[in-house]
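Enquirer: Provided below: data16.cif, containing mmCIF, C-alpha atoms (C1' of nucleotides).
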data_start
loop_
_atom_site.label_atom_id
_atom_site.label_comp_id
_atom_site.auth_asym_id
_atom_site.auth_seq_id
_atom_site.Cartn_x
_atom_site.Cartn_y
_atom_site.Cartn_z
CA MET A 1 -19.46 6.71 -16.20
CA ASN A 2 -17.60 3.64 -17.32
CA LEU A 3 -18.77 0.54 -15.54
CA PRO A 4 -16.42 -2.41 -15.31
CA TYR A 5 -17.15 -5.77 -16.77
CA TYR A 6 -16.10 -8.63 -14.53
CA SER A 7 -12.75 -8.92 -16.20
CA SER A 8 -9.90 -9.25 -13.77
CA PHE A 9 -10.14 -12.98 -13.16
CA SER A 10 -12.28 -14.82 -15.64
CA PRO A 11 -14.20 -17.57 -13.86
CA SER A 12 -14.87 -19.24 -17.20
CA PRO A 13 -12.76 -22.38 -17.11
CA GLY A 14 -10.34 -23.42 -19.78
CA LEU A 15 -9.77 -19.96 -21.16
CA ALA A 16 -7.74 -18.09 -18.57
CA PHE A 17 -4.99 -19.99 -16.81
CA LEU A 18 -4.40 -18.84 -13.32
CA SER A 19 -0.94 -17.80 -12.19
CA LEU A 20 0.13 -18.97 -8.74
CA GLU A 21 0.46 -15.35 -7.58
CA ASP A 22 -3.07 -14.55 -8.76
CA ALA A 23 -4.42 -17.67 -7.06
CA PHE A 24 -2.89 -16.63 -3.73
CA GLU A 25 -4.07 -13.04 -4.18
CA VAL A 26 -7.63 -14.29 -4.61
CA LEU A 27 -7.32 -16.45 -1.50
CA ALA A 28 -5.85 -13.50 0.42
CA GLU A 29 -8.58 -11.14 -0.68
CA SER A 30 -11.28 -13.65 0.14
CA SER A 31 -9.76 -14.05 3.62
CA GLU A 32 -9.71 -10.27 3.98
CA PHE A 33 -13.41 -9.98 3.08
CA ARG A 34 -14.16 -12.67 5.65
CA GLU A 35 -12.06 -10.85 8.28
CA MET A 36 -9.59 -13.72 8.61
CA GLU A 37 -6.47 -11.61 9.05
CA GLY A 38 -4.06 -14.48 9.73
CA PRO A 39 -4.84 -16.52 6.62
CA CYS A 40 -4.97 -13.29 4.59
CA LEU A 41 -1.43 -12.41 5.62
CA ALA A 42 -0.21 -15.96 4.99
CA PHE A 43 -1.57 -15.95 1.41
CA ARG A 44 -0.13 -12.47 0.78
CA ARG A 45 3.28 -13.72 1.91
CA ALA A 46 3.00 -16.79 -0.29
CA ALA A 47 2.19 -14.58 -3.30
CA SER A 48 5.05 -12.23 -2.39
CA VAL A 49 7.61 -15.03 -2.09
CA LEU A 50 6.71 -16.41 -5.53
CA LYS A 51 6.83 -12.92 -7.02
CA SER A 52 10.33 -12.41 -5.62
CA LEU A 53 11.76 -15.35 -7.55
CA PRO A 54 13.68 -14.60 -10.74
CA TRP A 55 12.08 -17.63 -12.37
CA ALA A 56 8.50 -18.85 -12.57
CA VAL A 57 7.82 -21.90 -10.43
CA GLN A 58 7.09 -24.88 -12.66
CA SER A 59 7.16 -27.72 -10.20
CA LEU A 60 6.43 -28.25 -6.53
CA GLY A 61 9.98 -29.46 -6.02
CA ALA A 62 11.35 -26.03 -6.87
CA THR A 63 9.59 -24.57 -3.80
CA ARG A 64 11.14 -26.99 -1.31
CA ASP A 65 13.43 -24.43 0.35
CA LEU A 66 11.09 -21.44 0.12
CA PRO A 67 9.63 -19.86 3.25
CA CYS A 68 5.98 -19.00 3.86
CA LEU A 69 4.66 -21.96 1.87
CA GLY A 70 2.85 -24.59 3.88
CA GLU A 71 0.39 -27.42 3.49
CA HIS A 72 -2.52 -25.40 2.15
CA THR A 73 -0.58 -23.19 -0.26
CA LYS A 74 1.33 -26.18 -1.64
CA ALA A 75 -1.90 -28.07 -2.24
CA VAL A 76 -3.22 -25.10 -4.22
CA MET A 77 0.07 -24.89 -6.12
CA GLU A 78 -0.06 -28.54 -7.06
CA GLU A 79 -3.57 -28.08 -8.48
CA VAL A 80 -2.66 -24.94 -10.44
CA LEU A 81 0.60 -26.39 -11.78
CA GLN A 82 -1.26 -29.51 -12.82
CA CYS A 83 -4.18 -27.96 -14.70
CA GLY A 84 -3.95 -24.17 -14.50
CA ARG A 85 -6.90 -23.90 -12.15
CA SER A 86 -7.90 -24.47 -8.54
CA PHE A 87 -11.23 -25.70 -7.26
CA GLU A 88 -11.01 -23.51 -4.16
CA VAL A 89 -10.07 -20.37 -6.12
CA GLU A 90 -12.83 -20.92 -8.66
CA LYS A 91 -15.36 -21.37 -5.89
CA ILE A 92 -14.33 -17.98 -4.49
CA LEU A 93 -14.40 -16.30 -7.91
CA SER A 94 -17.95 -17.51 -8.51
CA ASP A 95 -19.09 -16.38 -5.06
CA GLU A 96 -21.56 -13.51 -5.21
CA ARG A 97 -20.33 -11.86 -2.02
CA TYR A 98 -16.69 -11.96 -3.15
CA GLN A 99 -17.57 -10.55 -6.59
CA THR A 100 -19.66 -7.75 -5.11
CA LEU A 101 -17.16 -6.70 -2.43
CA LYS A 102 -14.38 -6.80 -5.03
CA LEU A 103 -16.45 -4.56 -7.29
CA PHE A 104 -17.44 -2.07 -4.58
CA THR A 105 -13.95 -1.78 -3.07
CA SER A 106 -12.58 -0.98 -6.52
CA VAL A 107 -14.13 2.47 -6.12
CA PHE A 108 -11.80 5.12 -4.69
CA GLY A 109 -13.17 5.95 -1.23
CA VAL A 110 -14.95 2.64 -0.69
CA GLY A 111 -13.27 0.24 1.74
CA PRO A 112 -14.35 -3.15 3.13
CA LYS A 113 -16.75 -1.67 5.71
CA THR A 114 -18.68 0.44 3.23
CA ALA A 115 -18.70 -2.37 0.65
CA GLU A 116 -20.08 -4.75 3.28
CA LYS A 117 -22.75 -2.22 4.28
CA TRP A 118 -23.92 -1.87 0.70
CA TYR A 119 -23.87 -5.65 0.22
CA ARG A 120 -26.02 -6.17 3.31
CA ARG A 121 -28.52 -3.66 1.89
CA GLY A 122 -28.91 -6.07 -1.02
CA LEU A 123 -26.99 -3.90 -3.50
CA ARG A 124 -25.04 -5.82 -6.11
CA SER A 125 -24.01 -3.35 -8.81
CA PHE A 126 -22.97 0.29 -9.23
CA THR A 127 -26.37 0.91 -10.77
CA ASP A 128 -27.98 -0.41 -7.57
CA VAL A 129 -25.79 1.86 -5.43
CA LEU A 130 -26.32 5.00 -7.49
CA ALA A 131 -30.08 4.42 -7.71
CA ASP A 132 -30.46 3.98 -3.93
CA ARG A 133 -31.77 7.21 -2.43
CA GLY A 134 -30.73 6.06 1.03
CA ILE A 135 -27.02 5.99 0.15
CA HIS A 136 -25.05 9.16 0.69
CA LEU A 137 -21.72 9.20 -1.09
CA ASN A 138 -18.99 11.27 0.50
CA ARG A 139 -16.84 13.60 -1.60
CA MET A 140 -14.15 10.96 -2.16
CA GLN A 141 -16.65 8.32 -3.28
CA GLN A 142 -18.34 10.81 -5.63
CA SER A 143 -14.97 11.42 -7.27
CA GLY A 144 -14.35 7.69 -7.25
CA PHE A 145 -17.48 7.06 -9.32
CA LEU A 146 -17.04 10.14 -11.50
CA HIS A 147 -13.52 9.14 -12.59
CA TYR A 148 -13.96 5.39 -12.21
CA GLY A 149 -12.88 4.43 -15.72
CA ASP A 150 -9.74 6.57 -15.60
CA ILE A 151 -8.47 5.82 -12.12
CA THR A 152 -8.97 2.06 -12.40
CA ARG A 153 -6.88 2.16 -15.57
CA ALA A 154 -3.17 1.55 -15.08
CA VAL A 155 -0.83 4.55 -15.15
CA SER A 156 2.15 4.15 -17.48
CA LYS A 157 5.76 5.10 -16.78
CA ALA A 158 5.53 7.82 -19.45
CA GLU A 159 2.47 9.26 -17.71
CA ALA A 160 4.31 9.17 -14.38
CA ARG A 161 7.25 11.05 -15.94
CA SER A 162 4.90 13.65 -17.35
CA LEU A 163 3.23 14.09 -13.97
CA ARG A 164 6.65 14.53 -12.41
CA ASN A 165 7.15 17.51 -14.69
CA VAL A 166 3.74 18.92 -13.80
CA ILE A 167 4.37 18.58 -10.06
CA ASP A 168 7.95 19.79 -10.35
CA GLU A 169 6.79 22.99 -12.05
CA ALA A 170 4.15 23.62 -9.40
CA VAL A 171 6.63 22.96 -6.59
CA ARG A 172 9.35 25.11 -8.14
CA ALA A 173 6.97 28.06 -8.38
CA VAL A 174 6.46 27.86 -4.62
CA SER A 175 9.92 26.93 -3.40
CA PRO A 176 12.80 26.83 -5.91
CA ALA A 177 15.02 25.03 -3.40
CA ALA A 178 12.53 22.23 -2.79
CA THR A 179 13.32 18.56 -3.40
CA LEU A 180 10.87 16.40 -5.33
CA ALA A 181 11.24 12.63 -5.23
CA LEU A 182 9.23 9.97 -7.01
CA THR A 183 8.20 7.17 -4.63
CA GLY A 184 5.81 4.23 -4.66
CA GLY A 185 5.75 1.60 -7.35
CA PHE A 186 7.45 3.73 -10.00
CA ARG A 187 10.44 4.25 -7.73
CA ARG A 188 10.64 0.48 -7.48
CA GLY A 189 10.94 0.36 -11.26
CA LYS A 190 7.41 -0.76 -12.11
CA GLU A 191 6.18 -0.19 -15.66
CA PHE A 192 2.63 0.49 -14.52
CA GLY A 193 0.98 1.70 -11.35
CA HIS A 194 -2.43 2.58 -9.95
CA ASP A 195 -1.25 6.06 -8.95
CA VAL A 196 1.87 8.22 -8.81
CA ASP A 197 3.48 9.09 -5.46
CA PHE A 198 5.84 11.93 -4.64
CA ILE A 199 7.64 13.27 -1.60
CA VAL A 200 8.32 16.96 -1.53
CA THR A 201 10.39 18.80 1.05
CA THR A 202 11.93 22.21 1.37
CA PRO A 203 15.04 23.19 3.31
CA GLU A 204 13.73 26.73 3.69
CA PRO A 205 12.67 27.14 7.30
CA GLY A 206 9.08 28.18 7.76
CA ARG A 207 8.14 27.11 4.24
CA GLU A 208 7.19 23.53 5.09
CA LYS A 209 3.77 24.40 6.51
CA SER A 210 2.61 26.31 3.45
CA LEU A 211 4.43 24.20 0.85
CA LEU A 212 1.71 21.66 0.07
CA PRO A 213 -1.22 24.12 0.29
CA ASN A 214 0.63 26.42 -2.11
CA VAL A 215 1.39 23.60 -4.53
CA ILE A 216 -2.28 22.59 -4.42
CA ASN A 217 -3.29 26.18 -5.16
CA GLY A 218 -0.97 26.23 -8.15
CA LEU A 219 -2.56 23.05 -9.54
CA LYS A 220 -6.00 24.54 -8.93
CA LYS A 221 -5.10 27.71 -10.88
CA GLN A 222 -3.97 25.53 -13.78
CA GLY A 223 -7.44 23.98 -13.74
CA ILE A 224 -6.11 20.43 -13.46
CA LEU A 225 -7.19 19.66 -9.89
CA LEU A 226 -10.16 17.28 -10.11
CA PHE A 227 -10.09 16.15 -6.48
CA CYS A 228 -8.05 17.04 -3.41
CA GLU A 229 -8.03 15.83 0.14
CA TYR A 230 -5.40 17.67 2.14
CA GLN A 231 -4.21 16.42 5.53
CA ALA A 232 -2.14 18.90 7.51
CA SER A 233 0.88 17.63 9.42
CA THR A 234 0.38 16.23 12.92
CA PHE A 235 4.08 15.42 13.16
CA ASP A 236 5.72 16.21 16.52
CA THR A 237 9.26 15.09 17.38
CA ALA A 238 8.43 15.23 21.10
CA LYS A 239 5.84 12.50 20.62
CA LEU A 240 7.98 9.96 18.78
CA PRO A 241 7.63 7.10 18.43
CA SER A 242 3.88 7.21 18.29
CA TYR A 243 2.28 4.61 20.50
CA ARG A 244 -1.16 5.42 19.25
CA PHE A 245 -2.85 2.94 16.99
CA GLU A 246 -2.55 4.73 13.74
CA ALA A 247 -1.99 3.29 10.33
CA MET A 248 -0.96 6.46 8.54
CA ASP A 249 2.07 8.62 9.20
CA HIS A 250 1.80 12.15 10.59
CA PHE A 251 3.30 14.04 7.67
CA ALA A 252 1.40 16.63 5.67
CA LYS A 253 -0.02 14.91 2.61
CA CYS A 254 -2.69 15.12 -0.03
CA PHE A 255 -4.62 12.62 -2.09
CA LEU A 256 -5.31 14.09 -5.51
CA ILE A 257 -6.97 13.33 -8.80
CA LEU A 258 -5.31 15.34 -11.57
CA ARG A 259 -6.21 15.98 -15.16
CA LEU A 260 -3.34 14.86 -17.38
CA GLU A 261 -3.23 16.19 -20.94
CA ALA A 262 -2.32 13.73 -23.69
CA SER A 263 -0.12 16.37 -25.32
CA GLN A 264 2.16 16.36 -22.30
CA VAL A 265 2.81 12.62 -22.40
CA GLU A 266 5.56 11.24 -24.62
CA GLY A 267 4.02 8.51 -26.72
CA GLY A 268 0.49 9.56 -25.68
CA LEU A 269 -1.93 8.56 -22.97
CA HIS A 270 -2.64 5.06 -21.76
CA CYS A 271 -6.33 5.23 -22.59
CA ALA A 272 -9.28 3.25 -23.90
CA GLU A 273 -9.69 2.44 -27.59
CA GLY A 274 -12.20 5.06 -28.69
CA ASP A 275 -11.24 7.73 -26.17
CA GLY A 276 -10.93 11.02 -27.97
CA ARG A 277 -10.92 13.35 -24.98
CA GLY A 278 -7.23 14.10 -25.15
CA TRP A 279 -6.85 13.79 -21.38
CA ARG A 280 -7.31 11.36 -18.51
CA ALA A 281 -7.68 11.52 -14.75
CA VAL A 282 -4.83 10.14 -12.61
CA ARG A 283 -4.49 9.53 -8.87
CA VAL A 284 -1.53 11.39 -7.39
CA ASP A 285 -0.28 11.45 -3.78
CA LEU A 286 2.01 14.13 -2.39
CA VAL A 287 3.71 13.72 0.99
CA SER A 288 5.62 16.52 2.66
CA PRO A 289 7.78 15.57 5.65
CA PRO A 290 10.24 17.93 7.34
CA MET A 291 13.58 17.76 5.54
CA ASP A 292 15.28 15.80 8.35
CA ARG A 293 12.64 13.06 7.98
CA PHE A 294 12.99 12.78 4.22
CA ALA A 295 14.88 9.46 4.33
CA PHE A 296 12.35 7.71 6.56
CA ALA A 297 9.44 9.04 4.56
CA LEU A 298 11.10 7.86 1.36
CA LEU A 299 11.77 4.42 2.81
CA GLY A 300 8.18 4.15 4.01
CA TRP A 301 6.54 5.38 0.82
CA THR A 302 8.68 3.38 -1.60
CA GLY A 303 7.07 0.11 -0.49
CA SER A 304 5.98 -2.42 -1.33
CA ARG A 305 3.37 -2.91 1.36
CA GLN A 306 4.71 -6.41 2.06
CA PHE A 307 8.30 -5.15 2.14
CA GLU A 308 7.40 -2.39 4.64
CA ARG A 309 5.64 -4.90 6.82
CA ASP A 310 8.55 -7.34 6.77
CA LEU A 311 11.11 -4.58 7.29
CA ARG A 312 9.32 -3.33 10.41
CA ARG A 313 9.02 -6.83 11.77
CA PHE A 314 12.72 -7.38 11.06
CA ALA A 315 13.59 -4.14 12.86
CA ARG A 316 11.59 -5.24 15.88
CA VAL A 317 12.30 -8.94 16.31
CA THR A 318 15.91 -9.18 15.19
CA GLN A 319 17.20 -5.63 15.73
CA ARG A 320 15.04 -4.74 18.73
CA MET A 321 14.16 -1.45 17.13
CA ILE A 322 11.02 0.26 15.99
CA LEU A 323 10.85 1.52 12.44
CA ASP A 324 8.11 3.73 11.08
CA ASN A 325 7.77 6.43 8.43
CA HIS A 326 9.11 9.03 10.89
CA GLY A 327 12.24 7.40 12.25
CA LEU A 328 14.11 4.45 13.72
CA TYR A 329 14.12 3.94 17.48
CA ASP A 330 16.27 1.69 19.64
CA LYS A 331 14.17 -0.12 22.19
CA THR A 332 17.23 -1.11 24.23
CA LYS A 333 18.19 2.53 24.83
CA ALA A 334 16.57 4.25 27.79
CA ALA A 335 13.62 6.55 27.15
CA SER A 336 13.43 5.39 23.57
CA ALA A 337 16.59 7.14 22.44
CA HIS A 338 16.05 8.07 18.90
CA PHE A 339 18.19 7.63 15.86
CA GLN A 340 18.64 10.11 13.16
CA CYS A 341 19.29 9.46 9.56
CA ILE A 342 21.94 10.93 7.32
CA GLY A 343 20.83 13.90 5.29
CA GLN A 344 19.74 16.20 8.09
CA SER A 345 21.82 19.08 6.81
CA GLY A 346 22.84 17.79 3.45
CA GLU A 347 21.98 15.49 0.64
CA PRO A 348 19.23 12.96 1.16
CA PHE A 349 20.60 9.52 0.33
CA GLU A 350 19.67 7.50 -2.67
CA LEU A 351 17.47 4.72 -1.43
CA ARG A 352 17.95 1.46 -3.20
CA ALA A 353 14.96 -0.46 -1.99
CA GLU A 354 14.15 -3.65 -3.84
CA PRO A 355 10.70 -4.66 -2.77
CA GLU A 356 8.22 -7.20 -4.13
CA SER A 357 9.89 -10.04 -2.36
CA GLY A 358 9.02 -12.01 0.68
CA VAL A 359 10.31 -12.29 4.17
CA ARG A 360 13.74 -13.56 3.04
CA ARG A 361 14.42 -10.46 0.97
CA ILE A 362 17.00 -8.79 3.17
CA GLY A 363 19.14 -11.90 3.45
CA ALA A 364 18.85 -12.64 -0.25
CA ALA A 365 19.89 -9.09 -1.12
CA ASP A 366 22.91 -9.42 1.15
CA ARG A 367 24.00 -12.60 -0.58
CA GLN A 368 23.82 -10.79 -3.88
CA GLY A 369 26.06 -8.10 -2.49
CA ARG A 370 23.30 -5.49 -2.33
CA HIS A 371 22.32 -3.73 0.83
CA PRO A 372 18.87 -2.23 0.49
CA VAL A 373 18.49 -1.29 4.13
CA THR A 374 21.96 -0.14 5.08
CA ALA A 375 21.18 3.38 3.91
CA VAL A 376 19.42 3.93 7.23
CA SER A 377 22.41 4.69 9.37
CA ARG A 378 22.65 4.53 13.12
CA GLN A 379 23.81 8.00 13.88
CA ALA A 380 22.62 8.97 17.32
CA LEU A 381 21.24 12.41 17.95
CA PRO A 382 23.40 14.66 20.07
CA GLY A 383 22.23 14.27 23.63
CA GLY A 384 20.65 10.92 22.87
CA GLN A 385 17.28 12.07 24.28
"C1'" DA S 1 -16.88 12.62 18.56
"C1'" DT S 2 -16.21 8.31 16.00
"C1'" DT S 3 -15.75 5.50 12.04
"C1'" DG S 4 -13.75 4.59 7.80
"C1'" DG S 5 -11.32 6.15 4.25
"C1'" DT S 6 -6.74 7.64 2.34
"C1'" DG S 7 -1.08 5.26 1.90
"C1'" DC S 8 3.29 2.15 1.41
"C1'" DC Z 1 0.37 -26.61 22.51
"C1'" DT Z 2 -0.43 -21.16 22.22
"C1'" DT Z 3 0.84 -16.71 20.18
"C1'" DT Z 4 2.03 -13.59 16.51
"C1'" DT Z 5 1.46 -11.74 12.23
"C1'" DG Z 6 3.09 -3.41 10.49
"C1'" DG Z 7 3.48 -2.89 19.19
"C1'" DC Z 8 1.92 0.28 10.89
"C1'" DA O 1 -2.13 -20.10 7.16
"C1'" DA O 2 2.50 -20.39 8.54
"C1'" DA O 3 6.11 -19.70 11.76
"C1'" DA O 4 7.84 -18.67 16.17
"C1'" DG O 5 7.73 -19.25 21.03
"C1'" DC O 6 7.07 -22.06 25.07
#
Go ahead and express the file in the form of structure tokens.

Expert:
Amino acid sequence: MNLPYYSSFSPSPGLAFLSLEDAFEVLAESSEFREMEGPCLAFRRAASVLKSLPWAVQSLGATRDLPCLGEHTKAVMEEVLQCGRSFEVEKILSDERYQTLKLFTSVFGVGPKTAEKWYRRGLRSFTDVLADRGIHLNRMQQSGFLHYGDITRAVSKAEARSLRNVIDEAVRAVSPAATLALTGGFRRGKEFGHDVDFIVTTPEPGREKSLLPNVINGLKKQGILLFCEYQASTFDTAKLPSYRFEAMDHFAKCFLILRLEASQVEGGLHCAEGDGRGWRAVRVDLVSPPMDRFAFALLGWTGSRQFERDLRRFARVTQRMILDNHGLYDKTKAASAHFQCIGQSGEPFELRAEPESGVRRIGAADRQGRHPVTAVSRQALPGGQ
DNA sequence: ATTGGTGC
DNA sequence: CTTTTGGC
DNA sequence: AAAAGC
């Protein structure tokens, strides 16, 4: 197993200059570990707003008209712009609890609760965790440790393209009429990602239930399935919108770790220096909504996380609607009349989401003559429910 | 059966 | 001043 | 922590 060195943010002063985005990400993460949800969100927004700018901020004056930046964030910015470091950020980076929780949560299958549990047991390293006879790792965490080096390594665009071919072949063998769409960060145009996300749907009635299980079987037969957690659909149009407190959508989906052969990647694998295996493990997610929900699923899974959050808040507070991965609902219509998206019987639309920006994104896009959200049309269902 | 993990 | 922040 | 609501 490849253990990480503490590399992401070097606490050694003078060497690594901190970017403003990184500084806010550290503050956000620290707030998250301390269960301060408000400050966490505020720092995430600050980071997101700076990321959305076409230029790098070089002076405090340039941030005068930007939203989501207040007293605290501007004080940090002043420090970082002045000398490339922040006292508060460095204090966090040198904090043992922060370092340990950051390390533990970097393992696939380990979230804040589990990381905290291990920390309270006095564990401080992977060696500590793996040597502790009282710790039982679930299947996901076992895979997380087993493939740690590979799945913490960034996935390149070329690797994502290659995986598209692999998935496309497996899908086509099951349902030739199926639609496969790349989502997540790579759909947003990113050069690197931590995984590769796809949405797969079939117009063939009755096929949707067996589609994902059959695709998974195909990958298994190829011998490239290193890990699979399959979640069957719990989607039910009669129960929309869902009032239950649930983070995830109800579509059939699977969280995979696949073996990707170097020979299938144009320009080779994104791998470590002396890695002669000729393959690497990659995290892949497949989501399979019913065809008529394709657009909403695509919108929801294209991200970014901050964009999804802001978009839903925008739908609620200014449009008086509820948006989720399953649909768009008008709160002002009786009995939660529900709105359908184009593409029910025909072509799913091309979503032009442009995430990675802050709360002002929609307005900014409009000013530039782009309309990232207008693809979701207000076409009422017959009968109106 | 519940918690915590998975995701954008 | 209090409330809201993905009624994920 | 920042913004919105009262």

Enquirer: For the provided coordinates, the residues matched by the PyMOL selection byres ((chain A) within 10 of (chain S)) should be stated as a PyMOL selection string.

Expert: chain A and resi 108-114+138+140-141+183-185+197+229+231+247-249+253-255+285+287+297-309+325

Enquirer: Figure out the distance between CA of Leu101 (chain A) and CA of His136 (chain A), please, to one decimal in Å.

Expert: 18.0 Å

Enquirer: Starting from the PyMOL selection byres ((chain Z) within 9 of (chain A)), expand the selection into actual residues of this file and give them as a list in words.

Expert: DT5, DG6, DG7 and DC8 of chain Z

Enquirer: Around (0.3, -29.1, 20.7), as given in the file, which residues come within 12 Å? Count all atoms listed in the file and list them as a list in words.

Expert: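 Counting all atoms listed in the file, I find these residues within 12 Å of (0.3, -29.1, 20.7): DC1 and DT2 of chain Z; DC6 of chain O.
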
Enquirer: Compile the contact shell of DT4 (chain Z) as a PyMOL selection string: residues with an atom at most 10 Å away, counting only C-alpha atoms (C1' of nucleotides), same-chain residues fewer than 4 positions apart removed.

Expert: (chain A and resi 38) or (chain O and resi 3-5)

Enquirer: One decimal, Å: what's the distance from CA of Glu273 (chain A) over to CA of Gln222 (chain A), could you say?

Expert: 27.5 Å

Enquirer: For this structure, which residues satisfy the selection - the PyMOL selection byres ((chain A) within 10 of (chain O)) - when it is evaluated on the file as given? I want them as a ChimeraX atom specification.

Expert: /A:36-43,45-46,67-73

Enquirer: Provide the CA of Arg283 (chain A) to CA of Lys220 (chain A) distance in Å, to one decimal place.

Expert: 15.1 Å

Enquirer: Calculate, to one decimal in Å, the centre and edge lengths of the box along x, y and z of the file that holds all listed atoms of chain O with 8 Å of margin on each side, and present them as AutoDock Vina command-line options.

Expert:
--center_x 2.9 --center_y -20.4 --center_z 16.1 --size_x 26.0 --size_y 19.4 --size_z 33.9

Enquirer: Report as a list in words all protein, DNA and RNA residues lying within 8 Å of His270 (chain A), evaluated on only C-alpha atoms (C1' of nucleotides), omitting residues in the same chain fewer than 3 positions from it.

Expert: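 Using only C-alpha atoms (C1' of nucleotides), the neighbours found are Ala154, Val155, Ser156 and Glu159 of chain A.
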